[in-house]
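K.L.:
Could you have a look at this structure, given as structure tokens, before my questions?
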Amino acid sequence: MLDIITLPDRKLRVASEPVERVDDEVRRFLDNMLETMYDAPGIGLAAIQVGVERRMVVCDVAKREDEDAEPEPLFLINPEVLSVSDDRVVREEGCLSIPEYFADVERPDGVRVGYLDRDGNQQEIEATGVLATCLQHEIDHLNGKLFIDYLSKLRRDMVIRKFTKQARQATSATA
């Protein structure tokens with residue numbers, strides 16, 4: 001299991017670097033990310049959320065849409081949004097790096113993403129619904145952006161203050 005970093009960790013604001021080569025080490029890391037995401041539990045995880053500044057994402061929304069569905073993990077290396085739909089939708093989002101906080105976020109309802117798969121092959125995926133939201137959310141992470149950045153400044157500042165205070169209290173409790 002990998003440790004998921006949480007707000008206010010400054011690393012969450014770092015833009016991730018591209019993966020130069022897809023090899024066994026990258027595949028092992030992706031598998032560890034997937035296991036960590038399932039254990040959390042979540043539907044998406046970016047490498048930066050476990051402190052690694054590389055453009056890698058895992059996600060699996062199958063059970064979000066159907067509780068009895070078989071897992072359908074996606075491994076995306078160097079993902080980039082190629083296009084978005086004009087249609088917009090508001091969905092409630094949460095984040096493993098901002099635990100137990102949820103907010104409505106407006107995003108494009110559809111997205112086309114180019115990426116390398118776990119074998120290093122160039123792929124494209126067209127997604128709508130929850131998968132489109134998840135992909136946009138995780139790619140935002142790779143660019144140092146959090147879903148709270150879509151909220152009003154007042155709400156965003158309240159969330160940051162809350163998590164900063166919690167981190168300070170946790171630090172003083174262990175000191």
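Each chain of the structure tokens is named A, B, ... in the order shown, its residues numbered from 1; ligands are numbered from 1 in display order.
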Could you make a table, as a tab-separated table, of the residues of stretch 33-83 of chain A that have an atom within 7 Å of an atom of stretch 122-142 of chain A, each with its nearest atom pair and distance in Å to one decimal, counting only C-alpha atoms, in chain and number order?
P.N.:
residue	atom	partner	partner_atom	distance
A:Gly44	CA	A:Cys134	CA	6.4
A:Leu45	CA	A:Glu138	CA	6.5
A:Ala46	CA	A:Glu138	CA	5.6
A:Ile48	CA	A:Leu142	CA	6.7
A:Arg55	CA	A:Leu142	CA	5.9
A:Val57	CA	A:Glu138	CA	6.6
A:Val61	CA	A:Leu131	CA	6.2
A:Pro79	CA	A:Ile139	CA	6.9
K.L.:
I'd like the neighbourhood of A:Leu76 as a list in words, where a residue qualifies if any of its atoms comes within 8 Å (using only C-alpha atoms), though same-chain residues fewer than 2 positions away should be ignored.
P.N.:
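Near A:Leu76, the qualifying residues are Met56, Val57, Val58, Leu74, Asn78, Pro79, Tyr115, Leu116, Asp117 and Arg118 of chain A.
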K.L.:
Let me make sure I understand: among A:Leu2, A:Val111, A:Ala40, A:Val50, which one has the smallest atom-to-atom distance to A:Val81 if we use only C-alpha atoms?
P.N.:
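That would be A:Val111, the residue with the smallest distance to A:Val81.
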K.L.:
Give me, as a PyMOL selection string, the residues of stretch 9-154 of chain A that a backbone DSSP run labels alpha helix (DSSP H).
P.N.:
chain A and resi 24-39+62-65+129-142+153-154
K.L.:
Could you produce a table of the residues of stretch 62-132 of chain A lying within 12 Å of stretch 144-155 of chain A, with the nearest pair of atoms per residue and their separation in Å rounded to one decimal, using only C-alpha atoms, ordered by chain and increasing residue number, as CSV?
P.N.:
residue,atom,partner,partner_atom,distance
A:Val90,CA,A:Tyr150,CA,11.2
A:Arg91,CA,A:Phe147,CA,11.2
A:Glu92,CA,A:Phe147,CA,10.2
A:Glu93,CA,A:Phe147,CA,7.4
A:Gly94,CA,A:Phe147,CA,7.8
A:Cys95,CA,A:Phe147,CA,7.8
A:Leu96,CA,A:Leu146,CA,11.0
A:Ser97,CA,A:Leu146,CA,9.2
A:Ile98,CA,A:Ile148,CA,9.1
A:Tyr101,CA,A:Ile148,CA,9.6
A:Phe102,CA,A:Ile148,CA,9.1
A:Ala103,CA,A:Ile148,CA,7.9
A:Asp104,CA,A:Leu151,CA,8.3
A:Val105,CA,A:Tyr150,CA,6.5
A:Glu106,CA,A:Tyr150,CA,7.8
A:Arg107,CA,A:Tyr150,CA,9.1
K.L.:
With distances taken over only C-alpha atoms, which residue among A:Arg54, A:Lys63, A:Arg161, A:Arg112 lies nearest A:Lys11?
P.N.:
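Smallest distance to A:Lys11 is found for A:Arg54.
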K.L.:
Distance atom CA of A:Ile77-atom CA of A:Pro8, one decimal place?
P.N.:
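About the pair atom CA of A:Ile77 and atom CA of A:Pro8: they are 25.7 Å apart.
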K.L.:
Could you pull out the strand (DSSP E or B) residues of chain A from DSSP and send them as a PyMOL selection string?
P.N.:
chain A and resi 17+44-46+54+56-59+74-84+88-95+98-108+110-116+122-128
K.L.:
Once you have the residues from the selection above, write them out as a compact mmCIF listing (two decimals), in the first residue's frame, restricted to N, CA and C atoms.
P.N.:
# COMPACT_ATOMS: atom_id res chain seq x y z
N GLU A 17 5.83 15.43 -14.05
CA GLU A 17 6.69 15.27 -15.23
C GLU A 17 6.25 14.05 -16.04
N GLY A 44 -10.36 6.91 -8.53
CA GLY A 44 -9.24 7.42 -9.30
C GLY A 44 -8.11 7.82 -8.39
N LEU A 45 -6.89 7.75 -8.92
CA LEU A 45 -5.71 8.14 -8.15
C LEU A 45 -4.62 8.56 -9.12
N ALA A 46 -4.04 9.72 -8.85
CA ALA A 46 -2.91 10.22 -9.64
C ALA A 46 -1.63 9.98 -8.85
N ARG A 54 5.07 12.07 -11.36
CA ARG A 54 5.06 11.51 -12.72
C ARG A 54 3.62 11.48 -13.22
N MET A 56 1.00 9.77 -14.21
CA MET A 56 0.35 8.45 -14.22
C MET A 56 -0.95 8.52 -13.43
N VAL A 57 -1.97 7.84 -13.96
CA VAL A 57 -3.30 7.82 -13.34
C VAL A 57 -3.85 6.41 -13.42
N VAL A 58 -4.54 6.00 -12.37
CA VAL A 58 -5.34 4.78 -12.42
C VAL A 58 -6.77 5.18 -12.08
N CYS A 59 -7.73 4.52 -12.68
CA CYS A 59 -9.12 4.75 -12.30
C CYS A 59 -9.96 3.53 -12.63
N LEU A 74 -8.42 1.22 -15.46
CA LEU A 74 -7.76 1.93 -16.56
C LEU A 74 -6.42 2.42 -16.04
N PHE A 75 -5.40 2.24 -16.83
CA PHE A 75 -4.05 2.72 -16.50
C PHE A 75 -3.69 3.74 -17.57
N LEU A 76 -3.43 4.97 -17.16
CA LEU A 76 -3.13 6.04 -18.11
C LEU A 76 -1.77 6.65 -17.79
N ILE A 77 -0.89 6.60 -18.76
CA ILE A 77 0.45 7.17 -18.62
C ILE A 77 0.53 8.38 -19.55
N ASN A 78 0.99 9.50 -19.03
CA ASN A 78 1.07 10.76 -19.78
C ASN A 78 -0.27 11.15 -20.41
N PRO A 79 -1.37 11.07 -19.65
CA PRO A 79 -2.67 11.41 -20.23
C PRO A 79 -2.79 12.90 -20.51
N GLU A 80 -3.46 13.20 -21.61
CA GLU A 80 -3.71 14.60 -22.00
C GLU A 80 -5.13 14.70 -22.53
N VAL A 81 -5.83 15.74 -22.11
CA VAL A 81 -7.17 16.00 -22.64
C VAL A 81 -7.02 16.53 -24.05
N LEU A 82 -7.62 15.83 -25.01
CA LEU A 82 -7.54 16.23 -26.42
C LEU A 82 -8.71 17.12 -26.82
N SER A 83 -9.88 16.83 -26.25
CA SER A 83 -11.05 17.66 -26.52
C SER A 83 -12.09 17.43 -25.43
N VAL A 84 -12.98 18.41 -25.29
CA VAL A 84 -14.08 18.30 -24.32
C VAL A 84 -15.38 18.65 -25.03
N ARG A 88 -22.18 20.69 -20.43
CA ARG A 88 -21.57 20.73 -19.10
C ARG A 88 -22.52 20.05 -18.11
N VAL A 89 -21.94 19.53 -17.04
CA VAL A 89 -22.73 18.83 -16.03
C VAL A 89 -22.14 19.13 -14.66
N VAL A 90 -22.99 19.13 -13.66
CA VAL A 90 -22.54 19.32 -12.28
C VAL A 90 -22.63 17.97 -11.58
N ARG A 91 -21.51 17.54 -11.02
CA ARG A 91 -21.47 16.29 -10.25
C ARG A 91 -20.79 16.56 -8.92
N GLU A 92 -21.19 15.77 -7.93
CA GLU A 92 -20.51 15.85 -6.65
C GLU A 92 -19.17 15.15 -6.77
N GLU A 93 -18.10 15.83 -6.33
CA GLU A 93 -16.77 15.25 -6.36
C GLU A 93 -16.20 15.20 -4.95
N GLY A 94 -15.34 14.23 -4.77
CA GLY A 94 -14.55 14.11 -3.55
C GLY A 94 -13.14 13.76 -3.99
N CYS A 95 -12.24 13.65 -3.04
CA CYS A 95 -10.84 13.39 -3.38
C CYS A 95 -10.17 12.66 -2.23
N ILE A 98 -8.31 14.93 -0.10
CA ILE A 98 -9.11 15.88 0.70
C ILE A 98 -10.22 15.04 1.33
N PRO A 99 -9.85 14.17 2.29
CA PRO A 99 -10.79 13.16 2.79
C PRO A 99 -12.07 13.75 3.39
N GLU A 100 -13.16 13.06 3.07
CA GLU A 100 -14.47 13.35 3.64
C GLU A 100 -14.97 14.75 3.34
N TYR A 101 -14.51 15.34 2.25
CA TYR A 101 -15.05 16.62 1.81
C TYR A 101 -15.57 16.42 0.39
N PHE A 102 -16.80 16.86 0.16
CA PHE A 102 -17.44 16.71 -1.14
C PHE A 102 -18.05 18.03 -1.56
N ALA A 103 -18.06 18.30 -2.86
CA ALA A 103 -18.67 19.52 -3.36
C ALA A 103 -19.10 19.31 -4.81
N ASP A 104 -20.11 20.07 -5.22
CA ASP A 104 -20.56 20.04 -6.61
C ASP A 104 -19.59 20.83 -7.47
N VAL A 105 -19.18 20.20 -8.58
CA VAL A 105 -18.25 20.82 -9.51
C VAL A 105 -18.84 20.72 -10.92
N GLU A 106 -18.76 21.82 -11.67
CA GLU A 106 -19.22 21.81 -13.06
C GLU A 106 -18.04 21.55 -13.98
N ARG A 107 -18.21 20.57 -14.85
CA ARG A 107 -17.17 20.22 -15.83
C ARG A 107 -17.85 19.83 -17.15
N PRO A 108 -17.06 19.74 -18.23
CA PRO A 108 -17.60 19.17 -19.47
C PRO A 108 -18.10 17.75 -19.23
N GLY A 110 -18.35 15.39 -21.48
CA GLY A 110 -17.61 14.42 -22.29
C GLY A 110 -16.19 14.88 -22.50
N VAL A 111 -15.31 13.91 -22.68
CA VAL A 111 -13.90 14.23 -22.84
C VAL A 111 -13.24 13.16 -23.71
N ARG A 112 -12.26 13.59 -24.50
CA ARG A 112 -11.43 12.65 -25.26
C ARG A 112 -10.01 12.81 -24.73
N VAL A 113 -9.42 11.69 -24.32
CA VAL A 113 -8.10 11.71 -23.68
C VAL A 113 -7.15 10.80 -24.45
N GLY A 114 -5.96 11.30 -24.72
CA GLY A 114 -4.89 10.49 -25.30
C GLY A 114 -3.93 10.10 -24.20
N TYR A 115 -3.39 8.89 -24.27
CA TYR A 115 -2.50 8.39 -23.22
C TYR A 115 -1.72 7.18 -23.71
N LEU A 116 -0.73 6.78 -22.94
CA LEU A 116 -0.05 5.51 -23.16
C LEU A 116 -0.66 4.48 -22.21
N GLN A 122 0.18 3.93 -27.63
CA GLN A 122 -0.66 5.13 -27.67
C GLN A 122 -2.12 4.72 -27.78
N GLN A 123 -2.97 5.33 -26.95
CA GLN A 123 -4.40 5.03 -26.93
C GLN A 123 -5.19 6.33 -26.85
N GLU A 124 -6.47 6.23 -27.18
CA GLU A 124 -7.40 7.33 -26.96
C GLU A 124 -8.67 6.74 -26.38
N ILE A 125 -9.30 7.51 -25.50
CA ILE A 125 -10.57 7.08 -24.93
C ILE A 125 -11.53 8.26 -24.98
N GLU A 126 -12.76 7.96 -25.36
CA GLU A 126 -13.83 8.96 -25.30
C GLU A 126 -14.68 8.55 -24.12
N ALA A 127 -14.92 9.48 -23.22
CA ALA A 127 -15.66 9.16 -22.01
C ALA A 127 -16.74 10.20 -21.75
N THR A 128 -17.83 9.73 -21.16
CA THR A 128 -18.89 10.61 -20.70
C THR A 128 -19.22 10.21 -19.27
